[in-house]
>>> print(open('structure-v9.cif').read())   # mmCIF, C-alpha atoms
data_data
loop_
_atom_site.label_atom_id
_atom_site.label_comp_id
_atom_site.auth_asym_id
_atom_site.auth_seq_id
_atom_site.Cartn_x
_atom_site.Cartn_y
_atom_site.Cartn_z
CA MET A 194 -76.45 36.87 14.38
CA PRO A 195 -77.59 34.41 11.72
CA THR A 196 -75.93 34.92 8.38
CA ASN A 197 -77.78 36.77 5.63
CA PHE A 198 -76.13 34.66 2.94
CA PRO A 199 -77.20 34.17 0.15
CA THR A 200 -79.86 36.91 0.40
CA SER A 201 -77.48 39.79 1.19
CA VAL A 202 -73.98 40.58 2.38
CA ASP A 203 -73.43 40.24 6.13
CA ASN A 204 -72.35 43.28 8.15
CA PHE A 205 -70.02 41.93 10.84
CA THR A 206 -68.77 44.07 13.73
CA ASN A 207 -65.00 43.98 13.62
CA PRO A 208 -63.21 44.16 16.99
CA THR A 209 -60.56 46.86 17.44
CA ALA A 210 -57.15 46.50 19.03
CA ASN A 211 -58.24 47.65 22.51
CA ASP A 212 -61.56 45.77 22.71
CA SER A 213 -61.97 43.20 25.47
CA LEU A 214 -62.85 39.60 24.63
CA ASN A 215 -66.45 40.05 25.75
CA LEU A 216 -67.25 43.29 23.87
CA PRO A 217 -67.84 42.44 21.15
CA SER A 218 -68.31 38.88 22.30
CA HIS A 219 -65.43 36.69 21.19
CA SER A 220 -67.62 33.59 20.99
CA THR A 221 -70.28 35.45 19.01
CA GLN A 222 -67.63 36.62 16.55
CA HIS A 223 -66.62 33.02 15.90
CA ALA A 224 -70.21 31.79 15.78
CA ASN A 225 -71.17 34.42 13.19
CA ALA A 226 -68.12 33.69 11.06
CA ASN A 227 -68.75 29.93 11.28
CA ASP A 228 -72.41 30.35 10.31
CA ALA A 229 -71.43 32.38 7.26
CA ILE A 230 -68.75 29.88 6.19
CA GLU A 231 -71.14 26.97 6.56
CA ALA A 232 -73.82 28.78 4.55
CA VAL A 233 -71.34 29.38 1.72
CA GLU A 234 -70.24 25.73 1.82
CA ASP A 235 -73.84 24.51 1.79
CA TYR A 236 -74.61 26.81 -1.13
CA LEU A 237 -71.59 25.72 -3.15
CA LEU A 238 -71.56 22.01 -2.33
CA ASN A 239 -75.25 21.19 -1.90
CA GLY A 240 -76.92 23.96 -3.85
CA ASN A 241 -79.08 24.93 -0.88
CA GLY A 242 -80.44 28.42 -1.33
CA ARG A 243 -80.13 28.61 -5.10
CA ALA A 244 -81.90 27.30 -8.18
CA GLY A 245 -79.94 24.85 -10.25
CA PHE A 246 -79.08 21.34 -11.30
CA ALA A 247 -77.32 18.95 -8.95
CA HIS A 248 -75.76 15.51 -9.25
CA LEU A 249 -77.34 13.24 -6.62
CA ASN A 250 -76.00 9.75 -7.26
CA THR A 251 -74.16 7.58 -9.74
CA THR A 252 -74.06 3.80 -9.35
CA SER A 253 -72.37 1.31 -11.67
CA PHE A 254 -73.40 -2.33 -11.63
CA SER A 255 -72.42 -5.57 -13.33
CA ALA A 256 -74.47 -8.74 -13.93
CA SER A 257 -77.13 -7.31 -11.63
CA SER A 258 -80.72 -8.50 -11.14
CA GLY A 259 -81.79 -5.07 -9.92
CA VAL A 260 -80.62 -1.74 -8.54
CA ASN A 261 -82.60 0.10 -5.84
CA ILE A 262 -81.75 3.78 -5.49
CA ASN A 263 -83.17 4.85 -2.11
CA ASN A 264 -83.50 8.30 -0.48
CA VAL A 265 -82.73 10.14 -3.71
CA PHE A 266 -86.07 11.99 -4.15
CA SER A 267 -86.91 14.70 -1.62
CA ALA A 268 -88.71 18.00 -1.22
CA THR A 269 -85.45 19.77 -2.09
CA TYR A 270 -85.87 19.05 -5.80
CA GLN A 271 -88.97 19.45 -7.94
CA ALA A 272 -87.81 17.40 -10.93
CA TYR A 273 -85.18 14.76 -11.68
CA LYS A 274 -83.23 13.27 -14.55
CA ILE A 275 -82.31 9.58 -14.59
CA VAL A 276 -79.56 8.65 -17.05
CA LEU A 277 -78.81 5.04 -17.95
CA SER A 278 -75.52 4.67 -19.78
CA ASN A 279 -73.23 1.94 -21.06
CA MET A 280 -76.11 -0.51 -20.64
CA SER A 281 -76.01 -4.15 -21.71
CA CYS A 282 -77.57 -7.40 -20.58
CA GLY A 283 -76.68 -11.04 -20.24
CA SER A 284 -79.03 -12.24 -22.97
CA SER A 285 -79.88 -11.36 -26.57
CA SER A 286 -82.30 -8.51 -25.86
CA GLN A 287 -84.07 -7.22 -22.77
CA ASN A 288 -86.08 -4.26 -21.63
CA ILE A 289 -84.96 -2.46 -18.48
CA PHE A 290 -87.95 -1.60 -16.29
CA MET A 291 -88.49 0.93 -13.52
CA ARG A 292 -90.79 1.26 -10.53
CA LEU A 293 -91.00 4.07 -8.02
CA ARG A 294 -90.48 3.10 -4.37
CA VAL A 295 -90.79 4.50 -0.86
CA SER A 296 -89.27 3.16 2.35
CA GLY A 297 -87.93 0.18 0.44
CA VAL A 298 -91.30 -0.87 -1.04
CA ASN A 299 -91.91 -0.76 -4.80
CA ALA A 300 -95.10 0.69 -6.29
CA ALA A 301 -96.30 -2.08 -8.62
CA SER A 302 -99.39 -0.65 -10.32
CA ASN A 303 -100.90 2.36 -12.09
CA TYR A 304 -98.16 3.03 -14.64
CA PHE A 305 -99.16 4.30 -18.10
CA GLU A 306 -96.93 4.80 -21.13
CA SER A 307 -97.50 5.92 -24.70
CA GLY A 308 -95.21 7.03 -27.50
CA TYR A 309 -93.45 6.09 -30.70
CA VAL A 310 -90.77 3.78 -31.99
CA SER A 311 -88.79 4.63 -35.14
CA TYR A 312 -85.88 2.86 -36.73
CA ILE A 313 -83.24 3.22 -39.42
CA PRO A 314 -83.59 1.85 -42.01
CA GLY A 315 -87.36 2.04 -41.81
CA SER A 316 -90.07 4.32 -40.59
CA VAL A 317 -92.08 5.24 -37.54
CA LEU A 318 -93.68 2.20 -36.01
CA ALA A 319 -96.93 2.33 -34.15
CA PHE A 320 -96.66 1.97 -30.40
CA ALA A 321 -99.94 1.45 -28.66
CA GLY A 322 -98.57 1.88 -25.18
CA ASN A 323 -99.65 0.28 -21.94
CA SER A 324 -102.35 1.24 -19.44
CA ALA A 325 -102.36 0.59 -15.70
CA VAL A 326 -99.43 -1.80 -15.79
CA ALA A 327 -96.88 -2.73 -13.11
CA GLU A 328 -93.82 -0.93 -14.50
CA VAL A 329 -92.47 1.39 -17.16
CA ILE A 330 -89.67 0.69 -19.63
CA LEU A 331 -86.57 2.88 -19.33
CA SER A 332 -84.26 1.19 -21.80
CA THR A 333 -83.85 -1.67 -24.27
CA VAL A 334 -80.49 -3.39 -24.31
CA ASN A 335 -78.65 -6.38 -25.69
CA ALA A 336 -75.42 -8.16 -24.91
CA THR A 337 -73.31 -6.67 -27.70
CA HIS A 338 -74.13 -3.00 -28.33
CA ARG A 339 -74.22 -0.50 -25.50
CA ALA A 340 -77.51 1.38 -25.07
CA GLY A 341 -78.58 4.43 -23.10
CA SER A 342 -81.62 6.43 -22.08
CA VAL A 343 -82.65 9.67 -20.44
CA THR A 344 -85.78 9.95 -18.33
CA GLU A 345 -87.17 13.14 -16.82
CA LEU A 346 -89.47 12.93 -13.78
CA GLN A 347 -91.63 15.64 -12.25
CA ASN A 348 -92.79 15.63 -8.63
CA PRO A 349 -91.95 12.06 -7.57
CA ALA A 350 -91.43 13.27 -4.00
CA LEU A 351 -94.85 14.89 -3.77
CA ALA A 352 -98.14 13.11 -3.03
CA VAL A 353 -99.38 13.68 -6.57
CA ALA A 354 -99.06 11.78 -9.82
CA THR A 355 -95.51 11.47 -11.16
CA THR A 356 -95.10 12.46 -14.80
CA MET A 357 -92.18 11.15 -16.85
CA GLN A 358 -90.69 11.49 -20.33
CA ASN A 359 -88.27 8.93 -21.72
CA GLN A 360 -85.93 8.98 -24.72
CA ARG A 361 -83.78 6.00 -25.55
CA ASN A 362 -81.87 4.30 -28.32
CA TYR A 363 -81.33 0.65 -29.14
CA TYR A 364 -78.93 -0.72 -31.77
CA ASP A 365 -79.22 -4.40 -32.70
CA GLY A 366 -76.24 -4.50 -35.05
CA SER A 367 -78.17 -3.56 -38.18
CA ASN A 368 -81.08 -1.35 -37.12
CA LEU A 369 -80.96 1.72 -34.89
CA TYR A 370 -84.19 2.19 -32.96
CA GLY A 371 -85.31 5.44 -31.35
CA VAL A 372 -88.02 5.49 -28.72
CA GLY A 373 -89.84 8.41 -27.17
CA LEU A 374 -92.37 7.77 -24.41
CA SER A 375 -94.74 9.83 -22.34
CA MET A 376 -95.32 8.12 -19.02
CA ILE A 377 -97.28 8.71 -15.84
CA HIS A 378 -97.68 6.96 -12.50
CA THR A 379 -101.10 7.97 -11.26
CA THR A 380 -100.83 6.93 -7.61
CA ALA A 381 -100.68 10.09 -5.48
CA THR A 382 -97.83 9.03 -3.20
CA ALA A 383 -94.56 10.76 -2.28
CA TYR A 384 -91.69 8.46 -3.29
CA ASP A 385 -88.10 8.56 -2.11
CA GLY A 386 -86.49 6.36 -4.75
CA PHE A 387 -86.83 3.91 -7.60
CA THR A 388 -85.74 0.48 -8.75
CA ILE A 389 -84.52 -0.66 -12.16
CA TYR A 390 -84.35 -4.27 -13.26
CA PRO A 391 -84.10 -6.36 -16.45
CA GLY A 392 -87.07 -8.29 -17.81
CA ALA A 393 -84.97 -11.42 -17.51
CA SER A 394 -81.32 -12.36 -17.06
CA THR A 395 -79.04 -9.62 -15.68
CA MET A 396 -77.96 -6.11 -16.59
CA THR A 397 -74.69 -4.17 -16.60
CA GLY A 398 -74.28 -0.41 -16.79
CA THR A 399 -74.46 2.86 -14.90
CA VAL A 400 -77.39 4.82 -13.50
CA SER A 401 -77.04 8.49 -12.62
CA VAL A 402 -79.61 10.74 -10.95
CA PHE A 403 -79.68 14.53 -11.12
CA GLY A 404 -82.05 16.95 -9.42
CA TYR A 405 -83.58 20.25 -10.56
CA ARG A 406 -84.37 22.77 -7.85
CA ASN A 407 -86.30 25.99 -8.25
CA SER A 408 -84.70 27.89 -5.35
CA MET B 295 -76.53 -15.79 -8.74
CA THR B 296 -79.24 -13.16 -8.54
CA LYS B 297 -78.03 -10.05 -6.80
CA VAL B 298 -79.68 -6.72 -6.10
CA THR B 299 -77.75 -3.55 -5.37
CA GLU B 300 -79.17 -1.34 -2.62
CA VAL B 301 -78.02 2.29 -2.67
CA ASP B 302 -78.66 4.96 -0.04
CA ALA B 303 -78.20 8.20 -1.98
CA VAL B 304 -77.91 10.25 1.23
CA THR B 305 -75.18 8.25 2.95
CA GLY B 306 -73.60 6.81 -0.19
CA GLU B 307 -73.76 3.34 1.33
CA THR B 308 -74.04 0.54 -1.25
CA THR B 309 -74.77 -3.08 -0.41
CA GLN B 310 -75.57 -6.19 -2.38
CA ARG B 311 -77.98 -8.97 -1.49
CA PRO B 312 -79.78 -11.85 -3.22
CA LEU B 313 -83.33 -11.43 -4.52
CA THR B 314 -85.85 -12.38 -1.84
CA ALA B 315 -88.47 -15.07 -2.41
CA ASP B 316 -91.16 -12.38 -2.61
CA GLU B 317 -89.17 -10.45 -5.19
CA ILE B 318 -88.63 -13.58 -7.29
CA ALA B 319 -92.36 -14.36 -7.18
CA ASP B 320 -93.18 -10.77 -8.14
CA ARG B 321 -90.74 -10.89 -11.06
CA GLU B 322 -92.35 -14.09 -12.31
CA GLN B 323 -95.86 -12.70 -11.98
CA THR B 324 -94.90 -9.46 -13.71
CA ALA B 325 -93.16 -11.33 -16.53
CA GLN B 326 -96.29 -13.43 -17.06
CA ALA B 327 -98.50 -10.34 -17.28
CA ARG B 328 -95.97 -8.75 -19.63
CA ALA B 329 -95.98 -11.80 -21.91
CA GLU B 330 -99.78 -11.79 -22.03
CA ARG B 331 -99.82 -8.09 -22.99
CA GLU B 332 -97.25 -8.65 -25.71
CA ALA B 333 -99.17 -11.63 -27.09
CA GLU B 334 -102.37 -9.59 -27.18
CA ALA B 335 -100.62 -6.71 -28.96
CA GLN B 336 -99.08 -9.12 -31.47
CA ALA B 337 -102.48 -10.69 -32.14
CA LYS B 338 -103.93 -7.25 -32.85
CA ALA B 339 -101.06 -6.41 -35.19
CA ASP B 340 -101.45 -9.71 -37.00
CA ALA B 341 -105.21 -9.16 -37.38
CA ARG B 342 -104.58 -5.70 -38.82
CA GLU B 343 -102.06 -7.05 -41.34
CA SER B 344 -104.51 -9.77 -42.34
CA ALA B 345 -107.32 -7.23 -42.78
CA LEU B 346 -105.12 -4.97 -44.92
CA ALA B 347 -104.13 -7.91 -47.12
CA LYS B 348 -107.78 -8.85 -47.61
CA LEU B 349 -108.66 -5.27 -48.57
CA ALA B 350 -105.84 -5.23 -51.10
CA ALA B 351 -107.06 -8.56 -52.48
CA LEU B 352 -110.48 -6.98 -53.02
CA GLY B 353 -108.85 -4.45 -55.30
CA LEU B 354 -108.45 -1.43 -53.01
CA THR B 355 -105.36 0.67 -53.68
CA GLN B 356 -102.94 1.56 -50.90
CA ASP B 357 -104.24 5.15 -50.92
CA GLU B 358 -107.80 3.88 -50.53
CA ILE B 359 -106.77 1.60 -47.68
CA ASN B 360 -104.94 4.46 -45.98
CA ALA B 361 -108.05 6.63 -46.31
CA LEU B 362 -110.16 4.19 -44.29
#
>>> encode(input="structure-v9.cif", output="structure tokens")
Amino acid sequence: MPTNFPTSVDNFTNPTANDSLNLPSHSTQHANANDAIEAVEDYLLNGNGRAGFAHLNTTSFSASSGVNINNVFSATYQAYKIVLSNMSCGSSSQNIFMRLRVSGVNAASNYFESGYVSYIPGSVLAFAGNSAVAEVILSTVNATHRAGSVTELQNPALAVATTMQNQRNYYDGSNLYGVGLSMIHTTATAYDGFTIYPGASTMTGTVSVFGYRNS
Amino acid sequence: MTKVTEVDAVTGETTQRPLTADEIADREQTAQARAEREAEAQAKADARESALAKLAALGLTQDEINAL
């Protein structure tokens, strides 16, 4: 009997003191109990069978030329959050770029981004954005002050366009910059991962990926 | 030393390797395209600043320039 978890409570047949081992079947009793235990474990540990938010991967790196996170996007999750934290670079200032990838191959075209840059002290700066370029910017970092960013992605694992929203901060020692970007990758391909890399030099920091699932 | 970290999020396996020749060539090509875009954007910004300065020199107020 397959378990009903998490839809409803199972109704197991309990053996009585005088029952033989084959009625009810001893092996079936164990199989049913094992199925139910595994379903509960899968629900609690992997989130299978319930809507929610799950941690998928965290990778820290130092003096790195690039980080490829593979097999992190799947049909299990509809949307994802990528968090870059404690980021710095080996030179004065660098952008950290991202490309989607599948089976170890990066998608290097059809990225669009548009948004704003503001700074303190100062005002909102115009940001024209980029059309049909080879990458999007996830973060701006320098060697001294740690930076971070949060990027939300919708449907990267489906064969449709991937939409993204990015928020990040950058402090150069005197000015604090805030950046908000709307981004899209228009190629209708199902991706299983992404790569991040600095515009030049190397990068140090941590990347974490979380998944949103609807059921 | 250029090193790339490869992560398999399913197995948790993490390895490091050098950038390949193709990856290095791609980085260089992308950086070149990036520099050209940035130069073009800077040229547009410079032209706008120059135009605004010329309008101000003609006697337009800041409010009038903003209204254009």
>>> resolve_selection(input="structure-v9.cif", expression="the PyMOL selection byres ((chain A) within 8 of (chain B))", output="ChimeraX atom specification")
/A:249-250,252,254,257-265,327,392,395
>>> residues_around(input="structure-v9.cif", residues="A:Ser311", least_positions_apart="3", cutoff="12 Å", atoms="only C-alpha atoms", output="PyMOL selection string")
chain A and resi 308+314-320+360-364+368-374
>>> write_last_selection(input="structure-v9.cif", atoms="C-alpha atoms", output="tab-separated table (two decimals), keeping the file's coordinate frame")
chain	number	residue	atom	x	y	z
A	308	GLY	CA	-95.21	7.03	-27.50
A	314	PRO	CA	-83.59	1.85	-42.01
A	315	GLY	CA	-87.36	2.04	-41.81
A	316	SER	CA	-90.07	4.32	-40.59
A	317	VAL	CA	-92.08	5.24	-37.54
A	318	LEU	CA	-93.68	2.20	-36.01
A	319	ALA	CA	-96.93	2.33	-34.15
A	320	PHE	CA	-96.66	1.97	-30.40
A	360	GLN	CA	-85.93	8.98	-24.72
A	361	ARG	CA	-83.78	6.00	-25.55
A	362	ASN	CA	-81.87	4.30	-28.32
A	363	TYR	CA	-81.33	0.65	-29.14
A	364	TYR	CA	-78.93	-0.72	-31.77
A	368	ASN	CA	-81.08	-1.35	-37.12
A	369	LEU	CA	-80.96	1.72	-34.89
A	370	TYR	CA	-84.19	2.19	-32.96
A	371	GLY	CA	-85.31	5.44	-31.35
A	372	VAL	CA	-88.02	5.49	-28.72
A	373	GLY	CA	-89.84	8.41	-27.17
A	374	LEU	CA	-92.37	7.77	-24.41
>>> atom_distance(input="structure-v9.cif", atom1="atom CA of A:Ile275", atom2="atom CA of A:Ile330")
12.6 Å
>>> closest_residue(input="structure-v9.cif", among="A:Val334, A:Lys274, A:Phe290, A:Pro391", to="A:Pro349", atoms="only C-alpha atoms")
A:Lys274
>>> residues_around(input="structure-v9.cif", residues="A:Thr399", least_positions_apart="4", cutoff="9 Å", atoms="only C-alpha atoms", output="PyMOL selection string")
chain A and resi 251-255+276-280
>>> resolve_selection(input="structure-v9.cif", expression="the PyMOL selection byres ((chain A and resi 194) around 9)", output="PyMOL selection string")
chain A and resi 195-197+205+221+224-225+228
>>> residues_around(input="structure-v9.cif", residues="A:Arg294", least_positions_apart="4", cutoff="6 Å", atoms="all atoms listed in the file", output="JSON, numbers by chain")
{"A": [298, 299, 300, 384, 386, 387]}
>>> residues_around(input="structure-v9.cif", residues="stretch 357-360 of chain B", least_positions_apart="6", cutoff="10 Å", atoms="only C-alpha atoms", output="VMD selection string")
chain B and resid 346 to 347 349 to 350
>>> write_last_selection(input="structure-v9.cif", atoms="C-alpha atoms", output="mmCIF file, keeping the file's coordinate frame")
data_model
loop_
_atom_site.group_PDB
_atom_site.id
_atom_site.type_symbol
_atom_site.label_atom_id
_atom_site.label_comp_id
_atom_site.auth_asym_id
_atom_site.auth_seq_id
_atom_site.Cartn_x
_atom_site.Cartn_y
_atom_site.Cartn_z
ATOM 1 C CA LEU B 346 -105.120 -4.970 -44.920
ATOM 2 C CA ALA B 347 -104.130 -7.910 -47.120
ATOM 3 C CA LEU B 349 -108.660 -5.270 -48.570
ATOM 4 C CA ALA B 350 -105.840 -5.230 -51.100
#
>>> atom_distance(input="structure-v9.cif", atom1="atom CA of A:Gly366", atom2="atom CA of A:Gly283")
16.2 Å
>>> atom_distance(input="structure-v9.cif", atom1="atom CA of A:Phe403", atom2="atom CA of B:Glu317")
27.4 Å
>>> residues_around(input="structure-v9.cif", residues="A:Ala350", least_positions_apart="4", cutoff="8 Å", atoms="only C-alpha atoms", output="ChimeraX atom specification")
/A:266-268,271,382-385
